[in-house]
file data18.tsv (TSV, C-alpha atoms)
chain	number	residue	atom	x	y	z
A	272	ILE	CA	-38.74	-26.84	37.88
A	273	SER	CA	-35.69	-24.86	39.02
A	274	LEU	CA	-33.18	-23.42	36.57
A	275	SER	CA	-30.38	-25.61	37.88
A	276	SER	CA	-32.34	-28.85	37.37
A	277	PHE	CA	-33.30	-27.77	33.84
A	278	LEU	CA	-29.77	-26.84	32.81
A	279	ASN	CA	-28.08	-29.81	34.42
A	280	GLY	CA	-30.20	-32.17	32.33
A	281	ASN	CA	-29.46	-30.35	29.05
A	282	LYS	CA	-26.53	-31.41	26.91
A	283	THR	CA	-27.34	-29.71	23.59
A	284	LEU	CA	-27.88	-26.05	24.55
A	285	ARG	CA	-25.70	-23.78	22.39
A	286	SER	CA	-26.35	-20.32	23.86
A	287	LEU	CA	-26.95	-19.23	27.44
A	288	ASP	CA	-27.54	-15.60	28.47
A	289	LEU	CA	-27.61	-14.94	32.22
A	290	SER	CA	-26.81	-11.22	32.12
A	291	GLY	CA	-28.32	-9.24	35.01
A	292	ALA	CA	-29.67	-12.41	36.67
A	293	ARG	CA	-27.98	-11.62	40.03
A	294	PHE	CA	-25.86	-14.74	39.85
A	295	ASP	CA	-22.99	-15.30	42.24
A	296	ALA	CA	-20.36	-18.00	42.70
A	297	LYS	CA	-22.78	-20.19	44.65
A	298	ALA	CA	-25.39	-20.12	41.88
A	299	LEU	CA	-22.74	-21.01	39.28
A	300	GLN	CA	-21.66	-23.92	41.47
A	301	GLU	CA	-25.20	-25.30	41.30
A	302	ILE	CA	-25.10	-25.44	37.47
A	303	ARG	CA	-21.51	-26.64	37.31
A	304	SER	CA	-22.58	-30.04	36.00
A	305	PHE	CA	-24.25	-28.29	33.06
A	306	PHE	CA	-20.93	-26.76	31.98
A	307	GLU	CA	-19.12	-30.05	32.43
A	308	LYS	CA	-21.57	-32.22	30.48
A	309	ASN	CA	-22.55	-29.80	27.73
A	310	ARG	CA	-19.92	-29.66	25.02
A	311	SER	CA	-22.19	-27.89	22.52
A	312	LEU	CA	-22.25	-24.56	24.35
A	313	GLU	CA	-20.95	-21.81	22.05
A	314	VAL	CA	-22.15	-18.57	23.69
A	315	LEU	CA	-22.07	-17.80	27.41
A	316	VAL	CA	-23.09	-14.34	28.65
A	317	LEU	CA	-22.72	-13.55	32.36
A	318	GLY	CA	-22.61	-9.77	32.12
A	319	ASP	CA	-23.61	-7.41	34.93
A	320	ASN	CA	-23.41	-10.01	37.68
A	321	GLU	CA	-21.11	-8.20	40.08
A	322	CYS	CA	-21.20	-10.99	42.67
A	323	VAL	CA	-19.65	-13.62	40.40
A	324	GLY	CA	-16.12	-12.52	41.33
A	325	ASP	CA	-12.89	-14.45	40.94
A	326	GLU	CA	-14.39	-17.60	42.46
A	327	GLY	CA	-17.19	-17.69	39.90
A	328	ALA	CA	-14.69	-17.14	37.06
A	329	GLU	CA	-12.69	-20.13	38.29
A	330	ILE	CA	-15.84	-22.31	38.24
A	331	VAL	CA	-16.74	-21.28	34.69
A	332	VAL	CA	-13.22	-21.79	33.33
A	333	SER	CA	-12.55	-25.14	34.97
A	334	SER	CA	-15.92	-26.58	33.90
A	335	THR	CA	-15.89	-25.36	30.28
A	336	LEU	CA	-12.36	-26.33	29.24
A	337	HIS	CA	-13.20	-29.96	28.39
A	338	ASN	CA	-9.48	-30.63	27.88
A	339	GLY	CA	-9.38	-28.09	25.07
A	340	LYS	CA	-12.13	-29.82	23.06
A	341	GLY	CA	-15.01	-27.50	23.95
A	342	ALA	CA	-17.05	-25.48	21.45
A	343	LEU	CA	-17.20	-22.20	23.39
A	344	ARG	CA	-16.73	-19.27	21.00
A	345	THR	CA	-18.07	-16.27	22.95
A	346	LEU	CA	-17.60	-15.51	26.65
A	347	SER	CA	-18.91	-12.27	28.15
A	348	MET	CA	-18.10	-11.48	31.78
A	349	GLN	CA	-18.57	-7.73	31.66
A	350	GLY	CA	-19.04	-6.19	35.11
A	351	CYS	CA	-18.65	-9.46	37.01
A	352	GLY	CA	-16.32	-8.13	39.69
A	353	LEU	CA	-13.19	-9.86	38.41
A	354	GLY	CA	-9.77	-9.05	39.83
A	355	HIS	CA	-6.25	-10.39	39.43
A	356	GLN	CA	-7.17	-14.01	40.22
A	357	GLY	CA	-10.15	-13.97	37.88
A	358	SER	CA	-7.90	-12.56	35.10
A	359	ALA	CA	-5.49	-15.44	35.68
A	360	SER	CA	-8.33	-17.94	35.23
A	361	ILE	CA	-9.44	-16.29	31.97
A	362	ALA	CA	-5.84	-16.24	30.75
A	363	ASN	CA	-5.68	-19.99	31.36
A	364	LEU	CA	-8.85	-20.41	29.29
A	365	LEU	CA	-7.26	-18.52	26.38
A	366	CYS	CA	-4.28	-20.87	26.33
A	367	PHE	CA	-6.29	-24.10	26.20
A	368	CYS	CA	-9.58	-23.16	24.50
A	369	SER	CA	-8.65	-22.70	20.84
A	370	SER	CA	-12.31	-22.30	19.83
A	371	LEU	CA	-12.76	-19.02	21.76
A	372	ARG	CA	-13.12	-16.04	19.39
A	373	THR	CA	-14.76	-13.28	21.49
A	374	LEU	CA	-13.89	-12.32	25.06
A	375	GLU	CA	-15.55	-9.41	26.89
A	376	LEU	CA	-13.97	-8.36	30.21
A	377	SER	CA	-14.96	-4.70	30.39
A	378	LYS	CA	-15.83	-2.96	33.68
A	379	ASN	CA	-13.66	-5.27	35.79
A	380	LYS	CA	-10.63	-4.46	37.94
A	381	VAL	CA	-8.18	-6.23	35.68
A	382	GLY	CA	-5.40	-3.62	35.98
A	383	ASP	CA	-1.89	-3.81	34.56
A	384	ALA	CA	-1.16	-7.11	36.28
A	385	GLY	CA	-4.24	-8.79	34.81
A	386	VAL	CA	-3.51	-7.41	31.33
A	387	GLU	CA	0.00	-8.84	31.58
A	388	LEU	CA	-1.43	-12.31	32.17
A	389	LEU	CA	-3.82	-11.94	29.26
A	390	ALA	CA	-0.98	-10.72	27.01
A	391	GLN	CA	1.05	-13.83	27.72
A	392	SER	CA	-1.89	-15.99	26.66
A	393	ILE	CA	-2.42	-13.94	23.50
A	394	LYS	CA	1.14	-14.77	22.46
A	395	SER	CA	0.34	-18.46	22.61
A	396	PRO	CA	0.00	-20.15	19.18
A	397	SER	CA	-3.15	-21.95	20.35
A	398	CYS	CA	-4.92	-18.63	21.03
A	399	GLN	CA	-7.22	-17.71	18.12
A	400	LEU	CA	-9.02	-14.83	19.83
A	401	GLU	CA	-10.45	-12.23	17.41
A	402	ILE	CA	-12.29	-9.73	19.63
A	403	LEU	CA	-11.10	-8.56	23.05
A	404	GLY	CA	-13.00	-5.98	25.11
A	405	LEU	CA	-11.04	-4.26	27.88
A	406	ASN	CA	-13.06	-1.08	28.41
A	407	SER	CA	-12.79	0.54	31.86
A	408	VAL	CA	-10.40	-2.05	33.32
A	409	GLU	CA	-8.03	0.49	34.96
A	410	VAL	CA	-5.09	-0.27	32.70
A	411	GLY	CA	-2.19	2.18	32.44
A	412	ASP	CA	0.88	2.67	30.25
A	413	ARG	CA	2.67	-0.37	31.65
A	414	GLY	CA	-0.16	-2.73	30.77
A	415	VAL	CA	-0.57	-1.18	27.31
A	416	LEU	CA	3.15	-1.58	26.54
A	417	ILE	CA	2.96	-5.27	27.47
A	418	LEU	CA	-0.18	-5.64	25.40
A	419	ALA	CA	1.54	-3.96	22.44
A	420	ASP	CA	4.35	-6.52	22.58
A	421	ALA	CA	1.78	-9.33	22.44
A	422	VAL	CA	-0.19	-7.74	19.59
A	423	ASN	CA	3.03	-7.35	17.59
A	424	THR	CA	3.32	-11.13	17.28
A	425	ASN	CA	-0.37	-12.09	17.31
A	426	ARG	CA	-2.08	-12.45	13.91
A	427	SER	CA	-5.61	-13.46	14.95
A	428	LEU	CA	-6.83	-10.46	16.94
A	429	ILE	CA	-9.04	-8.20	14.79
A	430	CYS	CA	-10.67	-5.87	17.32
A	431	LEU	CA	-9.16	-4.50	20.54
A	432	SER	CA	-11.22	-2.05	22.58
A	433	LEU	CA	-9.55	-0.06	25.39
A	434	GLN	CA	-12.06	2.71	26.03
A	435	ASN	CA	-12.12	4.79	29.23
A	436	ASN	CA	-8.74	3.71	30.61
A	437	PHE	CA	-5.85	5.53	32.30
A	438	PHE	CA	-2.98	5.15	29.84
A	439	THR	CA	-1.46	8.20	28.15
A	440	SER	CA	-0.29	9.08	24.65
A	441	PHE	CA	3.01	7.35	25.38
A	442	GLY	CA	1.40	3.93	25.70
A	443	ALA	CA	-1.11	4.61	22.92
A	444	LYS	CA	1.69	5.45	20.44
A	445	HIS	CA	3.47	2.16	21.15
A	446	LEU	CA	0.28	0.18	20.68
A	447	LEU	CA	-0.66	2.03	17.49
A	448	LYS	CA	2.88	1.50	16.18
A	449	THR	CA	2.21	-2.23	15.96
A	450	THR	CA	-0.44	-1.61	13.29
A	451	TYR	CA	0.93	1.59	11.70
A	452	ASN	CA	4.68	1.99	12.05
A	453	ASP	CA	5.26	5.18	10.09
A	454	THR	CA	9.04	5.35	10.53
A	455	SER	CA	9.46	4.11	6.95
A	456	LEU	CA	7.47	2.49	4.20
A	457	GLN	CA	9.12	-0.86	4.79
A	458	ALA	CA	8.09	-0.65	8.46
A	459	ILE	CA	4.48	-0.01	7.40
A	460	LEU	CA	4.47	-3.09	5.18
A	461	GLY	CA	5.81	-5.16	8.07
A	462	SER	CA	3.16	-3.95	10.54
A	463	ASN	CA	0.20	-5.93	11.85
A	464	HIS	CA	-2.55	-5.60	9.22
A	465	VAL	CA	-4.92	-8.07	10.88
A	466	LEU	CA	-5.77	-5.80	13.82
A	467	THR	CA	-7.99	-3.32	11.96
A	468	ASN	CA	-10.12	-1.96	14.84
A	469	LEU	CA	-8.22	-0.30	17.68
A	470	ASN	CA	-10.44	1.77	19.97
A	471	PHE	CA	-9.11	4.45	22.36
A	472	ARG	CA	-12.30	6.44	22.83
A	473	GLY	CA	-12.88	8.00	26.23
A	474	CYS	CA	-9.19	7.93	27.19
A	475	SER	CA	-8.82	11.52	28.39
A	476	ARG	CA	-5.02	11.39	28.72
A	477	ILE	CA	-4.48	10.80	24.99
A	478	GLY	CA	-3.97	13.76	22.65
A	479	PRO	CA	-6.69	14.60	20.10
A	480	CYS	CA	-4.35	14.14	17.10
A	481	LEU	CA	-3.50	10.61	18.16
A	482	LEU	CA	-7.15	9.80	18.76
A	483	SER	CA	-8.01	11.13	15.31
A	484	LEU	CA	-5.29	9.05	13.67
A	485	THR	CA	-6.53	5.94	15.46
A	486	GLU	CA	-10.04	6.57	14.16
A	487	GLU	CA	-8.74	6.97	10.61
A	488	LEU	CA	-7.03	3.59	10.78
A	489	VAL	CA	-10.22	1.70	11.68
A	490	PHE	CA	-11.43	-0.58	8.88
A	491	GLU	CA	-14.59	-2.60	8.52
A	492	ARG	CA	-14.37	-6.27	9.19
A	493	GLY	CA	-13.77	-8.30	6.06
A	494	VAL	CA	-11.78	-5.65	4.19
A	495	PRO	CA	-9.01	-7.35	2.13
A	496	THR	CA	-5.52	-7.04	3.53
A	497	TYR	CA	-4.13	-5.40	0.39
A	498	GLN	CA	-6.69	-2.58	0.70
A	499	VAL	CA	-5.65	-1.99	4.32
A	500	ILE	CA	-2.01	-1.75	3.24
A	501	ARG	CA	-2.80	0.59	0.34
A	502	SER	CA	-4.71	2.90	2.69
A	503	LYS	CA	-1.82	3.01	5.15
A	504	VAL	CA	0.73	3.70	2.41
A	505	SER	CA	-1.45	6.49	0.99
A	506	LYS	CA	-1.74	8.08	4.43
A	507	PHE	CA	2.03	7.87	4.80
A	508	MET	CA	2.56	9.67	1.47
A	509	GLN	CA	0.05	12.41	2.27
A	510	ARG	CA	2.29	13.67	5.04
A	511	GLY	CA	4.94	14.74	2.52
A	512	ARG	CA	7.56	12.19	3.48
A	513	LEU	CA	9.94	10.29	1.27
A	514	VAL	CA	8.07	7.17	0.29
A	515	LEU	CA	10.98	5.14	-1.07
A	516	ASP	CA	13.42	3.04	0.88
A	517	HIS	CA	16.43	1.00	-0.15
A	518	PHE	CA	14.78	-1.66	-2.27
A	519	ASP	CA	15.53	-3.49	-5.48
A	520	LEU	CA	15.41	-1.30	-8.59
A	521	GLU	CA	13.76	-4.10	-10.56
A	522	LEU	CA	10.49	-3.27	-8.78
A	523	LEU	CA	10.47	0.37	-9.92
A	524	PRO	CA	7.64	-0.14	-12.49
A	525	HIS	CA	5.40	-1.54	-9.74
A	526	ILE	CA	6.24	1.40	-7.54
A	527	LEU	CA	5.54	4.11	-10.07
A	528	SER	CA	2.26	2.49	-11.06
A	529	PHE	CA	1.07	2.21	-7.46
A	530	VAL	CA	2.24	5.64	-6.28
A	531	GLY	CA	0.73	7.34	-9.34
A	532	GLN	CA	-2.68	5.83	-8.58
A	533	THR	CA	-2.71	6.53	-4.85
A	534	GLY	CA	-0.61	9.67	-4.36
A	535	GLY	CA	-1.08	11.50	-7.65
A	536	LEU	CA	1.66	13.54	-9.31
A	537	ASN	CA	2.94	14.94	-6.03
A	538	GLY	CA	3.50	11.50	-4.59
A	539	LEU	CA	4.98	10.30	-7.87
A	540	PHE	CA	7.54	13.13	-7.98
A	541	GLN	CA	8.49	12.48	-4.36
A	542	SER	CA	8.93	8.81	-5.15
A	543	VAL	CA	11.23	9.47	-8.09
A	544	LYS	CA	13.17	12.02	-6.08
A	545	SER	CA	13.85	9.59	-3.25
A	546	MET	CA	15.22	6.76	-5.40
A	547	PRO	CA	15.76	3.82	-5.20
A	548	SER	CA	12.44	2.08	-5.19
A	549	LEU	CA	9.80	0.66	-2.85
A	550	HIS	CA	7.69	-2.50	-2.86
A	551	ALA	CA	4.22	-1.25	-3.71
A	552	GLN	CA	2.53	-4.54	-4.56
A	553	TYR	CA	1.46	-6.77	-1.71
A	554	ASP	CA	0.26	-10.21	-2.78
A	555	LEU	CA	-0.76	-12.11	0.34
A	556	PRO	CA	-1.66	-15.41	-1.42
A	557	VAL	CA	1.80	-15.54	-2.97
A	558	ARG	CA	3.35	-14.95	0.42
A	559	ARG	CA	1.38	-17.83	1.90
A	560	LYS	CA	2.32	-20.09	-0.98
A	561	LEU	CA	6.01	-19.34	-0.57
A	562	ALA	CA	5.90	-19.64	3.20
A	563	GLY	CA	4.10	-22.98	3.11
A	564	LYS	CA	2.00	-22.17	6.14
A	565	GLU	CA	-0.31	-19.28	6.79
A	566	GLY	CA	1.02	-16.80	9.31
A	567	THR	CA	4.68	-17.90	9.15
A	568	SER	CA	5.75	-15.80	6.15
A	569	THR	CA	8.39	-13.11	6.47
A	570	PHE	CA	9.06	-9.87	4.65
A	571	THR	CA	11.80	-11.62	2.64
A	572	ASP	CA	9.14	-13.99	1.28
A	573	PHE	CA	7.13	-10.95	0.23
A	574	ILE	CA	10.09	-9.52	-1.69
A	575	GLU	CA	10.78	-12.82	-3.41
A	576	SER	CA	7.11	-13.17	-4.37
A	577	LEU	CA	7.30	-9.90	-6.28
A	578	LYS	CA	10.41	-10.99	-8.14
A	579	THR	CA	8.73	-14.20	-9.29
A	580	SER	CA	5.90	-12.40	-11.08
A	581	SER	CA	8.03	-11.65	-14.16
A	582	ARG	CA	5.13	-11.60	-16.63
A	583	LYS	CA	3.19	-9.08	-14.59
A	584	ALA	CA	6.30	-6.97	-14.02
A	585	LYS	CA	7.01	-6.95	-17.76
A	586	LYS	CA	3.51	-5.71	-18.57
A	587	VAL	CA	3.72	-2.94	-15.99
A	588	PHE	CA	7.17	-1.96	-17.25
A	589	GLU	CA	5.98	-1.77	-20.87
A	590	ARG	CA	2.98	0.31	-19.83
A	591	CYS	CA	5.22	2.75	-17.98
A	592	THR	CA	7.88	3.07	-20.68
A	593	SER	CA	5.35	3.50	-23.51
A	594	SER	CA	4.05	6.71	-21.92
A	595	VAL	CA	7.53	8.26	-21.62
A	596	PRO	CA	8.80	10.10	-24.77
A	597	LYS	CA	12.12	8.91	-26.14
A	598	ARG	CA	15.05	11.30	-25.90
A	599	ARG	CA	16.97	12.31	-29.06
A	600	SER	CA	20.67	12.87	-29.17
A	601	MET	CA	21.81	16.48	-28.81
A	602	ILE	CA	24.84	15.96	-31.14
A	603	ARG	CA	24.33	17.18	-34.70
A	604	ARG	CA	26.00	15.44	-37.55
A	605	GLU	CA	26.46	16.91	-41.02
A	606	ASP	CA	25.00	13.93	-42.82
A	607	ARG	CA	21.92	13.87	-40.52
A	608	ARG	CA	21.37	17.61	-40.30
A	609	HIS	CA	17.90	18.69	-41.42
A	610	SER	CA	17.69	22.06	-43.20
A	611	CYS	CA	15.11	24.53	-42.04
A	612	LYS	CA	12.37	26.08	-44.16
A	613	HIS	CA	14.29	29.35	-44.63
A	614	GLU	CA	17.39	27.55	-45.88
A	615	THR	CA	15.36	25.60	-48.42
A	616	ARG	CA	13.90	28.77	-49.93
A	617	ILE	CA	17.34	30.38	-50.33
A	618	LYS	CA	18.69	27.30	-52.11
A	619	SER	CA	15.78	27.26	-54.58
A	620	LEU	CA	16.34	30.94	-55.45
A	621	SER	CA	20.06	30.46	-56.05
A	622	ARG	CA	19.36	27.51	-58.30
A	623	ASN	CA	16.91	29.58	-60.42
A	624	ASN	CA	19.41	32.43	-60.83
A	625	GLU	CA	22.13	30.03	-61.83
A	626	SER	CA	19.97	28.32	-64.45
A	627	SER	CA	18.85	31.67	-65.98
A	628	SER	CA	22.45	32.91	-66.24
A	629	ASN	CA	23.46	29.68	-67.93
A	630	ASN	CA	20.66	30.12	-70.47
A	631	ILE	CA	21.80	33.68	-71.25
A	632	LEU	CA	25.42	32.62	-71.81
A	633	SER	CA	24.45	29.75	-74.06
A	634	THR	CA	22.25	32.04	-76.26
A	635	THR	CA	25.02	34.63	-76.63
A	636	GLN	CA	27.61	32.08	-77.56
A	637	THR	CA	25.33	30.62	-80.23
A	638	SER	CA	24.67	34.06	-81.84
A	639	ILE	CA	28.39	34.88	-81.97
A	640	LEU	CA	29.26	31.61	-83.65
A	641	ASN	CA	26.52	32.02	-86.23
A	642	HIS	CA	27.70	35.57	-87.11
A	643	LEU	CA	31.32	34.51	-87.44
A	644	LEU	CA	30.36	31.70	-89.77
A	645	ASN	CA	28.34	34.04	-91.99
A	646	CYS	CA	31.00	36.76	-92.19
A	647	SER	CA	33.21	37.00	-95.33
A	648	PRO	CA	36.93	36.41	-94.64
A	649	HIS	CA	38.02	39.09	-97.21
A	650	THR	CA	36.20	42.27	-96.15
A	651	HIS	CA	39.25	44.55	-95.91
A	652	GLY	CA	40.68	42.41	-93.14
A	653	VAL	CA	38.21	43.76	-90.63
A	654	SER	CA	35.32	41.83	-89.18
A	655	GLN	CA	31.92	43.40	-89.34
A	656	PHE	CA	31.05	42.00	-85.93
A	657	ASP	CA	28.85	44.45	-83.98
A	658	PRO	CA	27.89	43.42	-80.49
A	659	CYS	CA	24.98	45.86	-80.37
A	660	VAL	CA	23.46	44.23	-83.42
A	661	ILE	CA	23.96	40.70	-82.19
A	662	ILE	CA	22.41	41.30	-78.72
A	663	SER	CA	18.83	41.97	-79.48
A	664	HIS	CA	17.45	41.79	-75.89
A	665	PRO	CA	18.26	44.36	-73.19
A	666	SER	CA	18.42	41.63	-70.57
A	667	GLN	CA	21.41	40.10	-72.30
A	668	THR	CA	23.61	43.21	-71.98
A	669	SER	CA	25.43	42.11	-68.91
A	670	ALA	CA	26.06	38.68	-70.35
A	671	SER	CA	27.52	40.14	-73.61
A	672	HIS	CA	29.99	42.30	-71.69
A	673	ALA	CA	30.99	39.30	-69.72
A	674	ALA	CA	31.67	37.42	-73.01
call {"tool": "encode", "arguments": {"input": "data18.tsv", "output": "structure tokens"}}
result
Amino acid sequence: ISLSSFLNGNKTLRSLDLSGARFDAKALQEIRSFFEKNRSLEVLVLGDNECVGDEGAEIVVSSTLHNGKGALRTLSMQGCGLGHQGSASIANLLCFCSSLRTLELSKNKVGDAGVELLAQSIKSPSCQLEILGLNSVEVGDRGVLILADAVNTNRSLICLSLQNNFFTSFGAKHLLKTTYNDTSLQAILGSNHVLTNLNFRGCSRIGPCLLSLTEELVFERGVPTYQVIRSKVSKFMQRGRLVLDHFDLELLPHILSFVGQTGGLNGLFQSVKSMPSLHAQYDLPVRRKLAGKEGTSTFTDFIESLKTSSRKAKKVFERCTSSVPKRRSMIRREDRRHSCKHETRIKSLSRNNESSSNNILSTTQTSILNHLLNCSPHTHGVSQFDPCVIISHPSQTSASHAA
């Protein structure tokens, strides 16, 4: 039984791998009825069949569309000799096959013109492509700039591989800017955080610093969006830039809490120095709830979502203010002035001296009165009062003279 007769009678096959089978356009034409009748096919691999060409790509695309109701999720045509016309056929598939998630077109002569066609399809709302392989497709700066414009609006593409191509650092910077726009913190928050794997390896015309930065911004698949944003903000703060833009001051507690955790004291001091505040919390579910539909939210919705979380903001604000010592007034008032330890000791000594002198005076006065009362009023008209006799204690001498 030939392969064509077996495939043409099968309507339930889900995966077909024909890589390296020396297929050409004529062989694909023989199994065309298989593609047309089988709507369960999910994976089709035709890699390393250089004779397939543009004609074979047209056969595959036209027979697998099924009016947009097909189940094809993975299409690999790596090294199939595709050119401009074959790229146009694949671009047409992207527009009408919403089930397609992985597309591999590496080692084909796609060029800037073919990438432009693919970029137009990526902008389409019906395109839900997640992985796109364009390694060694002879694309330059022009094609990368067009691709960057498409990626800036697309929110389904997760992985984009452009290894071993001809574009320079100029085109690479524009493409990287779509995922990490480091002109300001607000620009970073508005970047594309879905595309987490951008690959420029093997591009010899790109500087090593830019290649290193691209590698640092690669995240594993499935990482939450808020973690991707936190990592980008932390990298932005590590470069010693001002991390605060012109935002609402009501969000300052969120900012200080976030910057303190990610950037440490250095980042916190820079944040306070560059007042007013930044939006450090990024709650994607709230954004989706406010927007109504996933993928249509704007940065204004993000700002409003932070303002609505009043209870959370209050807790963060109380936590921040409780750790800050309260300032006392620098104005001294007489009724609120606290005496020091030295002043208290002097006052106690003066009070003791005053009380002892009062006791001495009272004793002297009592002795004099008693003597006068006991003296006779007719002793030659002269009183027998003798101060030396009355004062019996040497310590009372000064007090008697004073009397």
call {"tool": "residues_around", "arguments": {"input": "data18.tsv", "residues": "Thr373 in chain A", "least_positions_apart": "2", "cutoff": "7 Å", "atoms": "only C-alpha atoms", "output": "list of chain:residue names"}}
result
A:Arg344, A:Thr345, A:Leu346, A:Leu371, A:Glu375, A:Leu400, A:Glu401, A:Ile402, A:Leu403
call {"tool": "residues_around", "arguments": {"input": "data18.tsv", "residues": "range 462-467 of chain A", "least_positions_apart": "6", "cutoff": "7 Å", "atoms": "all atoms listed in the file", "output": "VMD selection string"}}
result
chain A and resid 423 426 to 430 449 to 452 489 to 490 496 499
call {"tool": "atom_distance", "arguments": {"input": "data18.tsv", "atom1": "CA of Val504 in chain A", "atom2": "CA of Leu460 in chain A"}}
result
8.2 Å
call {"tool": "closest_residue", "arguments": {"input": "data18.tsv", "among": "A:Asn406, A:Thr485, A:Ser334, A:Ser397", "to": "Ser440 in chain A", "atoms": "all atoms listed in the file"}}
result
A:Thr485
call {"tool": "closest_residue", "arguments": {"input": "data18.tsv", "among": "A:Leu284, A:Leu447, A:Leu343, A:Ala419", "to": "Glu487 in chain A", "atoms": "all atoms listed in the file"}}
result
A:Leu447
call {"tool": "closest_residue", "arguments": {"input": "data18.tsv", "among": "A:Asn379, A:Ser369, A:Gln509, A:Thr439", "to": "Cys351 in chain A", "atoms": "only C-alpha atoms"}}
result
A:Asn379
call {"tool": "residues_around", "arguments": {"input": "data18.tsv", "residues": "range 407-415 of chain A", "least_positions_apart": "3", "cutoff": "7 Å", "atoms": "only C-alpha atoms", "output": "NGL selection string"}}
result
:A and (377-383 or 386-387 or 418-419 or 434-439 or 442 or 446)
call {"tool": "write_last_selection", "arguments": {"input": "data18.tsv", "atoms": "C-alpha atoms", "output": "short mmCIF file (atom, residue, chain, number, x, y, z; two decimals), in the frame of the given file"}}
result
data_model
loop_
_atom_site.label_atom_id
_atom_site.label_comp_id
_atom_site.auth_asym_id
_atom_site.auth_seq_id
_atom_site.Cartn_x
_atom_site.Cartn_y
_atom_site.Cartn_z
CA SER A 377 -14.96 -4.70 30.39
CA LYS A 378 -15.83 -2.96 33.68
CA ASN A 379 -13.66 -5.27 35.79
CA LYS A 380 -10.63 -4.46 37.94
CA VAL A 381 -8.18 -6.23 35.68
CA GLY A 382 -5.40 -3.62 35.98
CA ASP A 383 -1.89 -3.81 34.56
CA VAL A 386 -3.51 -7.41 31.33
CA GLU A 387 0.00 -8.84 31.58
CA LEU A 418 -0.18 -5.64 25.40
CA ALA A 419 1.54 -3.96 22.44
CA GLN A 434 -12.06 2.71 26.03
CA ASN A 435 -12.12 4.79 29.23
CA ASN A 436 -8.74 3.71 30.61
CA PHE A 437 -5.85 5.53 32.30
CA PHE A 438 -2.98 5.15 29.84
CA THR A 439 -1.46 8.20 28.15
CA GLY A 442 1.40 3.93 25.70
CA LEU A 446 0.28 0.18 20.68
#
call {"tool": "closest_residue", "arguments": {"input": "data18.tsv", "among": "A:Arg476, A:Lys448, A:Lys503, A:Arg285", "to": "Val316 in chain A", "atoms": "all atoms listed in the file"}}
result
A:Arg285
call {"tool": "atom_distance", "arguments": {"input": "data18.tsv", "atom1": "CA of Leu299 in chain A", "atom2": "CA of Ser276 in chain A"}}
result
12.5 Å
call {"tool": "atom_distance", "arguments": {"input": "data18.tsv", "atom1": "CA of Ser392 in chain A", "atom2": "CA of Cys366 in chain A"}}
result
5.4 Å
call {"tool": "residues_around", "arguments": {"input": "data18.tsv", "residues": "Ser333 in chain A", "least_positions_apart": "4", "cutoff": "10 Å", "atoms": "all atoms listed in the file", "output": "PyMOL selection string"}}
result
chain A and resi 303+306-307+328-329+337-338+360-361+363-364
call {"tool": "residues_around", "arguments": {"input": "data18.tsv", "residues": "Gly291 in chain A", "least_positions_apart": "6", "cutoff": "10 Å", "atoms": "all atoms listed in the file", "output": "list in words"}}
result
Val316, Leu317, Gly318, Asp319, Asn320, Glu321, Gly350 and Cys351 of chain A
call {"tool": "write_last_selection", "arguments": {"input": "data18.tsv", "atoms": "C-alpha atoms", "output": "CSV table (one decimal), keeping the file's coordinate frame"}}
result
chain,number,residue,atom,x,y,z
A,316,VAL,CA,-23.1,-14.3,28.6
A,317,LEU,CA,-22.7,-13.6,32.4
A,318,GLY,CA,-22.6,-9.8,32.1
A,319,ASP,CA,-23.6,-7.4,34.9
A,320,ASN,CA,-23.4,-10.0,37.7
A,321,GLU,CA,-21.1,-8.2,40.1
A,350,GLY,CA,-19.0,-6.2,35.1
A,351,CYS,CA,-18.6,-9.5,37.0
call {"tool": "closest_residue", "arguments": {"input": "data18.tsv", "among": "A:Leu278, A:Thr335, A:Leu374, A:Asp325", "to": "Ala359 in chain A", "atoms": "only C-alpha atoms"}}
result
A:Asp325
